[in-house]
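Next comes model_12.txt, a file with compact mmCIF, C-alpha atoms.
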# COMPACT_ATOMS: atom_id res chain seq x y z
CA MET A 1 13.03 -24.08 16.18
CA ASN A 2 15.81 -22.27 18.05
CA PHE A 3 15.76 -18.48 18.49
CA ALA A 4 18.74 -16.30 19.37
CA GLU A 5 19.47 -12.62 18.85
CA THR A 6 22.08 -11.96 16.16
CA GLU A 7 22.94 -9.14 13.77
CA ARG A 8 20.08 -10.44 11.56
CA THR A 9 17.58 -11.44 14.28
CA GLU A 10 15.76 -9.38 16.94
CA LEU A 11 13.62 -11.03 19.63
CA LYS A 12 10.79 -9.25 21.41
CA GLN A 13 8.54 -10.51 24.15
CA LYS A 14 5.80 -8.09 23.09
CA LEU A 15 5.19 -5.15 20.79
CA THR A 16 6.92 -2.01 22.10
CA ASP A 17 7.63 1.51 20.91
CA ALA A 18 11.10 0.32 19.89
CA LEU A 19 9.81 -1.66 16.91
CA PRO A 20 10.15 1.20 14.37
CA LYS A 21 13.80 1.57 15.41
CA GLU A 22 14.51 -2.14 14.85
CA ILE A 23 12.85 -2.13 11.41
CA VAL A 24 14.71 1.03 10.34
CA ALA A 25 18.00 -0.48 11.46
CA PHE A 26 17.47 -3.60 9.35
CA LEU A 27 16.38 -1.51 6.34
CA ASN A 28 19.56 0.60 6.60
CA THR A 29 21.91 -2.36 7.09
CA ASP A 30 21.56 -5.83 5.62
CA GLY A 31 18.00 -6.78 6.48
CA GLY A 32 16.87 -9.20 9.16
CA THR A 33 13.90 -10.62 11.04
CA VAL A 34 12.02 -9.42 14.11
CA TYR A 35 10.12 -12.02 16.14
CA ILE A 36 7.40 -10.91 18.57
CA GLY A 37 6.32 -13.39 21.21
CA VAL A 38 9.82 -14.70 21.92
CA ASN A 39 11.79 -13.97 25.11
CA ASP A 40 15.41 -12.78 25.05
CA ASP A 41 16.56 -16.28 25.99
CA GLY A 42 14.80 -17.75 22.97
CA SER A 43 11.88 -19.30 24.84
CA ILE A 44 8.39 -18.88 23.41
CA CYS A 45 5.88 -16.73 25.28
CA GLY A 46 3.49 -16.22 22.37
CA VAL A 47 1.13 -13.45 21.32
CA THR A 48 -2.48 -13.57 22.48
CA ASN A 49 -4.20 -10.64 20.73
CA LEU A 50 -2.75 -11.57 17.34
CA ASP A 51 -5.03 -9.58 15.00
CA GLU A 52 -4.75 -6.41 17.06
CA ILE A 53 -0.93 -6.57 17.12
CA LEU A 54 -0.74 -7.27 13.38
CA LYS A 55 -2.88 -4.21 12.69
CA LYS A 56 -0.68 -2.02 14.90
CA ILE A 57 2.42 -3.23 13.07
CA ALA A 58 0.80 -2.51 9.70
CA ASP A 59 0.01 1.02 10.92
CA ILE A 60 3.62 1.50 12.02
CA LEU A 61 4.87 0.49 8.57
CA GLY A 62 2.43 2.80 6.83
CA ASP A 63 2.63 5.86 9.08
CA GLN A 64 5.84 5.98 11.12
CA ILE A 65 8.70 5.12 8.74
CA LEU A 66 9.97 6.96 5.66
CA PRO A 67 10.49 6.24 2.83
CA ASP A 68 7.58 3.79 2.60
CA PRO A 69 9.16 0.46 3.68
CA ARG A 70 6.27 -1.86 2.85
CA SER A 71 7.84 -3.19 -0.35
CA TYR A 72 10.73 -4.49 1.75
CA VAL A 73 8.81 -5.88 4.73
CA GLU A 74 6.93 -9.16 4.93
CA LEU A 75 4.56 -9.56 7.87
CA GLY A 76 3.51 -13.07 8.92
CA THR A 77 2.87 -15.47 11.80
CA LYS A 78 4.17 -18.83 13.00
CA PHE A 79 2.69 -21.44 15.33
CA VAL A 80 5.47 -22.71 17.59
CA GLU A 81 5.04 -24.84 20.72
CA GLN A 82 1.27 -24.39 20.54
CA LYS A 83 1.68 -20.61 20.59
CA HIS A 84 1.41 -17.86 17.97
CA ILE A 85 4.39 -15.62 17.27
CA ILE A 86 4.74 -12.79 14.76
CA GLU A 87 7.51 -12.82 12.16
CA ILE A 88 8.58 -9.55 10.48
CA LYS A 89 11.04 -10.18 7.64
CA VAL A 90 12.89 -7.02 6.57
CA GLN A 91 14.97 -6.73 3.41
CA LYS A 92 17.75 -4.21 2.93
CA GLY A 93 16.11 -1.05 1.57
CA GLU A 94 17.14 1.21 -1.31
CA GLY A 95 17.52 4.47 0.54
CA LEU A 96 18.09 6.10 3.90
CA TYR A 97 15.23 5.04 6.17
CA TYR A 98 14.22 6.91 9.29
CA ILE A 99 11.47 7.33 11.86
CA LYS A 100 9.16 9.97 10.43
CA LYS A 101 8.67 11.73 13.78
CA TYR A 102 12.39 12.54 14.12
CA GLY A 103 13.39 12.91 10.48
CA ARG A 104 16.86 12.22 9.15
CA SER A 105 18.63 12.73 12.47
CA ALA A 106 20.43 10.62 15.05
CA GLN A 107 17.06 10.17 16.77
CA GLY A 108 15.43 8.89 13.61
CA CYS A 109 18.15 6.96 11.76
CA PHE A 110 19.48 3.59 12.95
CA ILE A 111 21.74 0.78 11.77
CA ARG A 112 22.33 -2.74 13.02
CA VAL A 113 25.58 -3.28 14.92
CA GLY A 114 25.92 -6.84 16.14
CA SER A 115 22.70 -7.77 17.91
CA THR A 116 21.72 -4.17 18.73
CA SER A 117 20.24 -1.22 16.85
CA ARG A 118 22.24 1.97 17.24
CA SER A 119 21.74 5.60 16.24
CA MET A 120 23.63 6.68 13.17
CA SER A 121 26.17 9.48 13.37
CA GLU A 122 25.75 12.59 11.26
CA GLU A 123 28.57 11.39 9.03
CA GLN A 124 26.91 8.00 8.50
CA ILE A 125 23.60 9.71 7.72
CA ASN A 126 25.24 11.97 5.15
CA ILE A 127 27.10 9.10 3.50
CA LEU A 128 23.99 6.94 3.15
CA HIS A 129 21.82 9.88 2.18
CA ASN A 130 24.23 10.96 -0.56
CA LYS A 131 24.57 7.41 -1.81
CA TYR A 132 20.90 7.17 -2.67
CA LEU A 133 19.65 10.73 -2.91
CA ASP A 134 22.49 12.65 -4.51
CA SER A 135 21.12 14.62 -7.44
CA LYS A 136 23.58 12.84 -9.72
CA VAL A 137 21.66 9.63 -9.13
CA ARG A 138 19.04 9.84 -11.85
CA ILE A 139 15.88 7.78 -11.91
CA THR A 140 16.88 6.71 -15.42
CA GLU A 141 20.00 5.06 -13.95
CA ILE A 142 18.34 3.24 -11.06
CA PRO A 143 17.14 -0.28 -12.00
CA SER A 144 13.42 -0.96 -11.82
CA ARG A 145 12.11 -3.35 -9.20
CA ILE A 146 9.57 -4.52 -11.80
CA LYS A 147 11.12 -6.90 -14.28
CA ASN A 148 8.53 -6.88 -17.07
CA PRO A 149 6.55 -3.63 -16.92
CA THR A 150 3.82 -2.75 -19.41
CA PHE A 151 2.89 0.77 -20.55
CA GLN A 152 -0.62 0.71 -21.99
CA TYR A 153 -1.71 3.81 -20.02
CA LEU A 154 1.31 5.83 -21.11
CA LYS A 155 1.01 4.76 -24.74
CA LEU A 156 -2.67 5.70 -24.77
CA LEU A 157 -1.94 9.15 -23.32
CA LEU A 158 0.80 9.77 -25.88
CA THR A 159 -1.37 8.53 -28.75
CA GLU A 160 -4.14 10.93 -27.68
CA LYS A 161 -1.60 13.77 -28.05
CA GLY A 162 -0.79 12.71 -31.60
CA TYR A 163 2.41 10.73 -31.02
CA THR A 164 3.07 7.57 -33.00
CA ILE A 165 4.24 4.61 -30.94
CA ASN A 166 7.00 2.41 -32.32
CA GLU A 167 6.87 -0.72 -30.19
CA THR A 168 10.44 -1.69 -31.10
CA THR A 169 12.06 1.56 -29.94
CA PHE A 170 9.45 2.79 -27.43
CA ALA A 171 11.43 2.10 -24.25
CA GLU A 172 14.62 3.57 -25.67
CA ASN A 173 12.95 6.67 -27.16
CA PHE A 174 11.29 7.57 -23.88
CA HIS A 175 14.37 6.89 -21.70
CA LEU A 176 12.87 3.91 -19.89
CA LEU A 177 16.09 1.88 -19.93
CA THR A 178 19.35 2.03 -17.98
CA LYS A 179 22.69 2.10 -19.78
CA ASP A 180 22.73 -1.67 -19.39
CA GLY A 181 19.44 -1.99 -21.25
CA GLU A 182 17.37 -2.86 -18.16
CA TYR A 183 14.14 -1.06 -17.26
CA ASN A 184 14.82 1.86 -14.91
CA ARG A 185 13.02 3.58 -12.01
CA MET A 186 11.24 5.98 -14.36
CA ALA A 187 9.85 2.99 -16.26
CA GLU A 188 8.63 1.65 -12.93
CA LEU A 189 6.86 4.95 -12.15
CA LEU A 190 5.17 5.04 -15.56
CA SER A 191 4.26 1.36 -15.80
CA ASP A 192 0.67 0.12 -15.68
CA LYS A 193 1.23 -1.54 -12.29
CA ASN A 194 3.66 -0.49 -9.55
CA ASP A 195 3.95 0.15 -5.82
CA VAL A 196 3.60 3.95 -6.03
CA SER A 197 0.82 5.20 -3.76
CA ILE A 198 -0.14 8.88 -3.78
CA LYS A 199 -2.13 9.85 -0.70
CA VAL A 200 -4.73 12.59 -0.38
CA VAL A 201 -5.68 12.83 3.29
CA ARG A 202 -8.54 14.99 4.52
CA PHE A 203 -8.47 15.95 8.20
CA LYS A 204 -11.47 16.95 10.32
CA GLY A 205 -10.05 20.26 11.52
CA LYS A 206 -7.00 22.52 11.37
CA SER A 207 -4.46 19.94 12.57
CA LYS A 208 -3.71 16.24 12.24
CA ALA A 209 -4.66 15.83 15.89
CA ASP A 210 -8.30 16.47 14.94
CA GLY A 211 -8.38 13.09 13.20
CA ILE A 212 -8.75 11.87 9.63
CA ALA A 213 -12.05 12.44 7.85
CA LEU A 214 -11.10 10.69 4.61
CA ARG A 215 -8.01 9.01 3.14
CA ASN A 216 -7.80 8.46 -0.61
CA GLU A 217 -4.95 6.59 -2.27
CA TYR A 218 -4.25 6.91 -5.97
CA GLY A 219 -1.62 4.44 -6.98
CA GLY A 220 -0.60 1.07 -8.22
CA LYS A 221 -0.73 2.48 -11.73
CA CYS A 222 1.03 4.85 -14.13
CA LEU A 223 2.20 7.93 -12.23
CA VAL A 224 0.58 10.30 -14.73
CA VAL A 225 -2.83 8.64 -14.30
CA ALA A 226 -2.58 8.55 -10.48
CA MET A 227 -1.38 12.15 -10.40
CA LYS A 228 -4.30 13.35 -12.53
CA GLN A 229 -6.82 11.39 -10.46
CA ALA A 230 -5.53 13.01 -7.27
CA PHE A 231 -5.71 16.41 -8.95
CA ASP A 232 -9.28 15.84 -10.16
CA TYR A 233 -10.43 14.89 -6.65
CA CYS A 234 -8.91 18.01 -5.09
CA ALA A 235 -9.84 20.40 -7.90
CA ASP A 236 -13.36 19.15 -8.59
CA VAL A 237 -14.61 17.61 -5.34
CA ILE A 238 -12.81 19.56 -2.60
CA ASN A 239 -12.80 22.87 -4.50
CA GLU A 240 -16.45 23.72 -4.06
CA THR A 241 -17.75 27.18 -4.90
CA HIS A 242 -19.17 29.56 -2.30
CA VAL A 243 -22.09 31.48 -3.82
CA SER A 244 -23.25 34.78 -2.33
CA PHE A 245 -25.35 37.68 -3.55
CA THR A 246 -24.56 41.36 -2.95
CA LYS A 247 -27.26 43.82 -4.04
CA GLY A 248 -28.59 41.26 -6.44
CA VAL A 249 -25.17 40.53 -7.97
CA ARG A 250 -24.02 36.94 -7.76
CA ASN A 251 -20.47 36.32 -6.51
CA ASP A 252 -18.78 32.95 -7.02
CA GLN A 253 -15.83 32.29 -4.71
CA PRO A 254 -13.90 29.02 -5.25
CA LEU A 255 -12.24 27.48 -2.23
CA PHE A 256 -8.82 27.86 -3.89
CA ASP A 257 -7.34 28.83 -7.23
CA ARG A 258 -7.46 25.77 -9.45
CA ASN A 259 -4.59 26.79 -11.75
CA SER A 260 -2.26 27.55 -8.85
CA PHE A 261 -2.95 24.18 -7.28
CA ARG A 262 -2.36 22.51 -10.65
CA GLU A 263 1.08 24.09 -10.89
CA VAL A 264 1.96 23.18 -7.30
CA TRP A 265 0.76 19.58 -7.55
CA PHE A 266 2.17 18.71 -10.98
CA ASN A 267 5.51 20.29 -10.04
CA ALA A 268 5.56 18.30 -6.80
CA CYS A 269 5.11 15.08 -8.80
CA LEU A 270 7.73 16.08 -11.36
CA HIS A 271 10.45 17.41 -9.05
CA ASN A 272 9.90 14.85 -6.30
CA ASN A 273 13.05 12.90 -5.44
CA TRP A 274 11.80 9.57 -6.73
CA ALA A 275 15.15 7.97 -5.96
CA ASP A 276 14.04 8.26 -2.33
CA GLY A 277 10.91 6.27 -3.13
CA THR A 278 8.56 8.53 -1.15
CA PRO A 279 5.66 9.88 -3.28
CA PRO A 280 4.33 13.43 -2.85
CA ALA A 281 1.14 13.81 -0.81
CA VAL A 282 -1.75 16.23 -0.28
CA TYR A 283 -3.04 17.03 3.21
CA ILE A 284 -6.36 18.85 3.39
CA TYR A 285 -7.41 20.74 6.53
CA SER A 286 -10.47 22.87 7.19
CA ASP A 287 -8.61 26.10 6.38
CA ARG A 288 -5.80 25.06 4.02
CA MET A 289 -4.21 22.46 1.78
CA GLU A 290 -0.60 21.29 2.06
CA VAL A 291 1.37 19.67 -0.75
CA ILE A 292 4.48 17.79 0.40
CA SER A 293 7.27 16.50 -1.84
CA THR A 294 10.70 15.10 -1.02
CA GLY A 295 14.02 16.50 -2.07
CA GLY A 296 13.59 20.17 -1.17
CA ILE A 297 14.78 22.87 -3.52
CA PRO A 298 16.95 21.44 -6.36
CA LEU A 299 20.70 21.73 -5.93
CA ASN A 300 22.39 24.63 -7.75
CA LEU A 301 19.11 26.56 -7.75
CA SER A 302 18.76 29.57 -5.46
CA LYS A 303 15.47 30.60 -3.88
CA ASP A 304 15.49 33.76 -6.00
CA ASP A 305 15.84 31.66 -9.16
CA PHE A 306 13.06 29.38 -7.93
CA PHE A 307 10.68 32.28 -7.31
CA ARG A 308 11.50 33.79 -10.71
CA GLY A 309 10.41 30.57 -12.36
CA VAL A 310 13.82 29.27 -13.40
CA SER A 311 13.29 25.56 -14.00
CA LYS A 312 15.96 22.93 -13.38
CA PRO A 313 14.00 19.66 -13.26
CA VAL A 314 15.32 17.06 -10.87
CA ASN A 315 13.98 14.45 -13.29
CA GLU A 316 14.74 15.83 -16.75
CA GLU A 317 13.52 12.84 -18.76
CA LEU A 318 10.27 12.75 -16.80
CA ALA A 319 9.87 16.47 -17.52
CA GLN A 320 10.11 15.73 -21.24
CA ILE A 321 7.20 13.31 -20.98
CA PHE A 322 5.18 15.81 -18.93
CA ILE A 323 5.75 18.42 -21.63
CA ARG A 324 4.66 16.04 -24.40
CA LEU A 325 1.47 15.31 -22.44
CA ASP A 326 0.79 19.06 -21.89
CA LEU A 327 1.12 18.63 -18.13
CA MET A 328 3.64 21.45 -17.88
CA GLU A 329 5.06 24.22 -20.01
CA GLN A 330 8.56 25.57 -20.54
CA THR A 331 7.93 29.30 -20.04
CA GLY A 332 8.59 29.22 -16.29
CA SER A 333 5.29 30.95 -15.46
CA GLY A 334 4.01 28.34 -13.00
CA ILE A 335 5.71 29.46 -9.77
CA PRO A 336 5.17 33.20 -10.48
CA LEU A 337 1.46 32.40 -11.00
CA VAL A 338 1.29 30.79 -7.55
CA ILE A 339 3.15 33.73 -6.00
CA GLU A 340 0.77 36.17 -7.67
CA HIS A 341 -2.20 34.50 -5.99
CA TYR A 342 -0.72 33.52 -2.63
CA GLY A 343 2.71 35.12 -2.13
CA LYS A 344 6.13 33.57 -1.49
CA ASN A 345 5.35 32.56 2.08
CA VAL A 346 3.30 29.57 0.93
CA PHE A 347 6.60 27.84 0.05
CA GLU A 348 8.48 26.28 2.95
CA PHE A 349 11.89 24.82 2.18
CA LEU A 350 12.84 22.09 4.66
CA ASP A 351 16.05 20.07 4.68
CA PHE A 352 14.61 17.17 2.74
CA PHE A 353 11.09 18.32 1.86
CA LEU A 354 9.27 21.12 0.12
CA ARG A 355 5.92 22.08 1.61
CA VAL A 356 3.49 24.38 -0.19
CA THR A 357 0.51 25.60 1.83
CA ILE A 358 -2.49 26.90 -0.12
CA PRO A 359 -4.89 28.81 2.15
CA PHE A 360 -8.63 28.40 1.59
CA ALA A 361 -10.86 31.36 0.79
CA PHE A 362 -13.27 30.16 3.48
CA GLU A 363 -13.25 27.41 6.07
CA ILE A 364 -14.80 24.07 5.18
CA GLU A 365 -16.43 21.52 7.40
CA ASN A 366 -14.71 18.19 6.96
CA GLU A 367 -17.68 16.02 7.70
CA ASP A 368 -19.10 12.88 6.14
CA PRO A 369 -20.05 13.75 2.51
CA GLN A 370 -23.28 11.77 2.95
CA GLN A 371 -24.26 13.98 5.89
CA THR A 372 -23.58 17.05 3.75
CA ASP A 373 -25.94 15.69 1.11
CA LEU A 374 -28.63 15.02 3.75
CA LYS A 375 -28.45 18.63 4.90
CA ARG A 376 -28.62 19.81 1.33
CA SER A 377 -31.68 17.62 0.63
CA GLU A 378 -33.69 19.75 3.06
CA LYS A 379 -33.30 22.66 0.64
CA TRP A 380 -34.72 20.94 -2.46
CA PRO A 381 -37.55 23.03 -3.95
CA GLU A 382 -40.94 21.92 -2.66
CA LYS A 383 -42.34 21.69 -6.18
CA TRP A 384 -40.07 18.75 -6.96
CA PRO A 385 -41.67 15.27 -6.91
CA GLU A 386 -41.21 13.47 -3.60
CA LYS A 387 -38.70 10.97 -5.03
CA TRP A 388 -36.40 13.62 -6.47
CA PRO A 389 -34.31 14.51 -3.37
CA GLU A 390 -33.04 10.92 -3.17
CA LYS A 391 -32.35 10.81 -6.91
CA ALA A 392 -30.77 14.27 -6.78
CA GLN A 393 -28.38 13.05 -4.11
CA GLN A 394 -27.49 10.15 -6.41
CA ILE A 395 -26.63 12.71 -9.09
CA LEU A 396 -24.36 14.49 -6.59
CA ASP A 397 -22.70 11.15 -5.80
CA ALA A 398 -22.20 10.46 -9.52
CA ILE A 399 -20.63 13.90 -10.06
CA ARG A 400 -18.46 13.53 -6.97
CA LYS A 401 -17.05 10.24 -8.29
CA ASP A 402 -16.70 11.45 -11.89
CA ASN A 403 -17.24 15.13 -12.65
CA SER A 404 -17.33 14.38 -16.40
CA VAL A 405 -20.12 11.81 -16.03
CA THR A 406 -22.52 11.84 -19.00
CA ILE A 407 -26.31 12.12 -18.91
CA ALA A 408 -26.56 8.68 -20.49
CA LYS A 409 -24.53 7.21 -17.65
CA MET A 410 -26.72 8.97 -15.08
CA GLU A 411 -29.81 7.50 -16.71
CA LYS A 412 -28.48 3.98 -16.21
CA GLN A 413 -27.37 4.64 -12.63
CA LEU A 414 -30.67 6.27 -11.60
CA GLY A 415 -33.00 4.10 -13.64
CA LEU A 416 -34.74 7.17 -15.08
CA GLY A 417 -35.53 8.37 -18.57
CA HIS A 418 -33.53 10.89 -20.57
CA THR A 419 -36.12 13.67 -20.26
CA THR A 420 -36.45 13.26 -16.48
CA VAL A 421 -32.69 13.36 -15.87
CA LYS A 422 -32.27 16.44 -18.06
CA LYS A 423 -35.11 18.16 -16.19
CA MET A 424 -33.53 17.32 -12.82
CA LEU A 425 -30.15 18.64 -13.94
CA ALA A 426 -31.75 21.85 -15.16
CA GLU A 427 -33.60 22.30 -11.84
CA MET A 428 -30.41 21.59 -9.86
CA GLN A 429 -28.54 24.19 -11.91
CA ASN A 430 -31.33 26.73 -11.50
CA GLY A 431 -31.29 26.10 -7.74
CA ASN A 432 -27.51 26.67 -7.67
CA PHE A 433 -26.74 23.13 -6.49
CA ILE A 434 -24.54 22.28 -9.49
CA ARG A 435 -23.27 23.99 -12.59
CA ARG A 436 -21.87 22.95 -15.94
CA VAL A 437 -18.42 24.18 -16.92
CA GLY A 438 -17.71 23.86 -20.63
CA GLY A 439 -19.75 22.19 -23.35
CA ASP A 440 -21.22 18.71 -23.64
CA LYS A 441 -17.91 17.44 -24.96
CA GLY A 442 -14.87 18.13 -22.80
CA GLY A 443 -16.82 19.94 -20.09
CA HIS A 444 -17.46 18.91 -16.50
CA TRP A 445 -19.84 19.39 -13.58
CA GLU A 446 -19.16 21.36 -10.39
CA ILE A 447 -20.97 21.04 -7.04
CA ILE A 448 -21.74 24.46 -5.55
CA LEU A 449 -21.36 25.21 -1.84
CA HIS A 450 -24.13 27.50 -0.56
CA ASP A 451 -23.77 30.09 2.20
CA GLU A 452 -25.79 27.92 4.55
CA ASP A 453 -23.49 24.97 3.97
CA SER A 454 -20.39 26.87 5.08
CA LYS A 455 -21.78 28.01 8.42
Could you take the file, read its structure, and then write that structure out as structure tokens?
Amino acid sequence: MNFAETERTELKQKLTDALPKEIVAFLNTDGGTVYIGVNDDGSICGVTNLDEILKKIADILGDQILPDPRSYVELGTKFVEQKHIIEIKVQKGEGLYYIKKYGRSAQGCFIRVGSTSRSMSEEQINILHNKYLDSKVRITEIPSRIKNPTFQYLKLLLTEKGYTINETTFAENFHLLTKDGEYNRMAELLSDKNDVSIKVVRFKGKSKADGIALRNEYGGKCLVVAMKQAFDYCADVINETHVSFTKGVRNDQPLFDRNSFREVWFNACLHNNWADGTPPAVYIYSDRMEVISTGGIPLNLSKDDFFRGVSKPVNEELAQIFIRLDLMEQTGSGIPLVIEHYGKNVFEFLDFFLRVTIPFAFEIENEDPQQTDLKRSEKWPEKWPEKWPEKAQQILDAIRKDNSVTIAKMEKQLGLGHTTVKKMLAEMQNGNFIRRVGGDKGGHWEIILHDEDSK
């Protein structure tokens, strides 16, 4: 097998910091292949620490390049002349790709020119950016990458809201087809299986440098389902309640306002520039939560209009589905509600992103949830049977995974009788460890954060 650098081939002796640049260049041009373990003259030097290098490359693809390039990159290995080399096949992408650290700038955007990767000029960046991200490019006009999508999740959600599904006209009625009758990008977002991955990342401190405590990904499924799962985790698991007593009066202080976060998160998912292919994300720190979406403020909408609640959806057809599913309303009260609780300064309008920062009412300790439960177990009332702390922690785990979990389900998980589980739940509520919000049907459980836990 002969190797030579061309406009479609890049040779590297070893993994270097230049790899993201080479991948971005191929994504923005006509695709190509990067070989690692091959000298510039085409001779094979091989890669020794194969697994380690493959992992580093996977991390680069997931963390250093935007939009997410993984659908267009195939990572593999070859055994040539008794040596291992790494083969990175890159397809031409459907957007303007750039190194995340530098953004859409000459430092972050590259194209392939001959056998080299060169920085793009501002004019080239604008041309490519407008080609894919111009607001006139609607997700209903962009062809789906999935040829035969199914919509069982979406149909179920619509049926629950009282809509009748006509299988013959379903795709047309809900704007899931292009003008040519092919499934579009919105159909891809709402299909049962796709490549959309919504990330909720929990950091250990007040900055990313403090390290990641937990990374949850909600994706590979209908956007509405993934969006709601991400919301439930943040609103019901992260949003614990701080309980304090002043002169015998109990005060419940949630970590953040649930309704404000709902507006911010659902709007981020709706107004996100899905033509770019980058999903919105939630970053959780010890003192705040950040919601990031691509696209920035919609064109032809001033900041004053935005703050007044004037709505001009980037994705109008998607907005119609959100309205039918009661995920948003048309009164324009969402943004004013957020401003009422947190002020205008929580909104930060960047060139290509919108960041909303929701401050926490008190600082949280981003530690291992199991360690938190162990600390809490020391506070169980002494009158409880010896086995109850362990079982009580299992109840906390069950609620953390599904805050609408039923007593019958708990019985099966714990291996206990109905009466015992009900008694434990009553004791845990009396001890202010959990509380029930709403009735037996449609209600949910909340885990309560005590004063001692927040110190």
*Ile44 in chain A: which residues within 12 Å, counting only C-alpha atoms, same-chain residues fewer than 4 positions away excluded, as number ranges by chain?*
A: 1-4, 11-14, 35-40, 78-86
Return as CSV the residues of range 91-200 of chain A lying at most 10 Å from range 50-66 of chain A, together with the closest atom-to-atom pair for each and the distance in Å to one decimal, counting all atoms listed in the file, with rows in chain order and ascending residue number.
residue,atom,partner,partner_atom,distance
A:Gly95,CA,A:Leu66,CA,9.5
A:Leu96,CA,A:Leu66,CA,8.4
A:Tyr97,CA,A:Leu66,CA,5.6
A:Tyr98,CA,A:Leu66,CA,5.6
A:Ile99,CA,A:Ile65,CA,4.7
A:Lys100,CA,A:Ile65,CA,5.2
A:Lys101,CA,A:Gln64,CA,6.9
A:Tyr102,CA,A:Gln64,CA,9.7
A:Gly103,CA,A:Leu66,CA,8.4
A:Arg104,CA,A:Leu66,CA,9.3
A:Gly108,CA,A:Ile65,CA,9.1
*Coordinates-based distance that separates CA of Gln124 in chain A from CA of Lys303 in chain A (Å, one decimal)*: 28.2 Å
*Given the choices A:Lys423, A:Thr406, A:Lys21, A:Val90, which gets closest to Ala106 in chain A if the distance is worked out from only C-alpha atoms?*
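Among A:Lys423, A:Thr406, A:Lys21, A:Val90, it is A:Lys21 that comes nearest to Ala106 in chain A.
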*asked:* List as number ranges by chain the residues having at least one atom at most 8 Å from position (-12.6, 27.1, -6.3) as given in the file, counting all atoms listed in the file.
replied: A: 235, 239-241, 253-258
_Please determine, counting all atoms listed in the file, which residue among A:Ile364, A:Ile321, A:Val421, A:Val249 has the shortest atom-to-atom distance to Lys409 in chain A._
A:Val421
*Nearest to Glu365 in chain A by atom-to-atom distance, counting all atoms listed in the file, from A:Ile238, A:Val196, A:Met428, A:Val346*: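 The answer is A:Ile238, which sits nearest to Glu365 in chain A.
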*In Å, rounded to a single decimal, give me how far CA of Ala230 in chain A is from CA of Phe203 in chain A.*
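Interatomic distance here is 16.0 Å.
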*Taking into account all atoms listed in the file, which residue in the set A:Gly442, A:Gly162, A:Pro149, A:Gly417 is nearest to Asn194 in chain A?*
A:Pro149
*asked:* Report, in Å with one decimal, the straight-line distance from CA of Tyr72 in chain A to CA of Pro279 in chain A.
replied: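 Result for CA of Tyr72 in chain A versus CA of Pro279 in chain A: 16.0 Å, one decimal.
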*For the point (8.1, 33.1, -13.2) in the file's frame, write as a PyMOL selection string all residues with an atom no more than 10 Å away, counting all atoms listed in the file.*
chain A and resi 305-311+331-340
Take the residues just selected and output them with C-alpha atoms as a PDB file, in the coordinates of the input.
ATOM      1  CA  ASP A 305      15.840  31.660  -9.160  1.00  0.00           C
ATOM      2  CA  PHE A 306      13.060  29.380  -7.930  1.00  0.00           C
ATOM      3  CA  PHE A 307      10.680  32.280  -7.310  1.00  0.00           C
ATOM      4  CA  ARG A 308      11.500  33.790 -10.710  1.00  0.00           C
ATOM      5  CA  GLY A 309      10.410  30.570 -12.360  1.00  0.00           C
ATOM      6  CA  VAL A 310      13.820  29.270 -13.400  1.00  0.00           C
ATOM      7  CA  SER A 311      13.290  25.560 -14.000  1.00  0.00           C
ATOM      8  CA  THR A 331       7.930  29.300 -20.040  1.00  0.00           C
ATOM      9  CA  GLY A 332       8.590  29.220 -16.290  1.00  0.00           C
ATOM     10  CA  SER A 333       5.290  30.950 -15.460  1.00  0.00           C
ATOM     11  CA  GLY A 334       4.010  28.340 -13.000  1.00  0.00           C
ATOM     12  CA  ILE A 335       5.710  29.460  -9.770  1.00  0.00           C
ATOM     13  CA  PRO A 336       5.170  33.200 -10.480  1.00  0.00           C
ATOM     14  CA  LEU A 337       1.460  32.400 -11.000  1.00  0.00           C
ATOM     15  CA  VAL A 338       1.290  30.790  -7.550  1.00  0.00           C
ATOM     16  CA  ILE A 339       3.150  33.730  -6.000  1.00  0.00           C
ATOM     17  CA  GLU A 340       0.770  36.170  -7.670  1.00  0.00           C
TER      18      GLU A 340
END
Go ahead and fit an axis-aligned box to every listed atom of range 107-126 of chain A plus 3 Å each side, and pass me the centre and edge lengths in Å, one decimal, as lines of an AutoDock Vina configuration file.
center_x = 22.0
center_y = 2.4
center_z = 11.9
size_x = 19.1
size_y = 26.4
size_z = 19.6
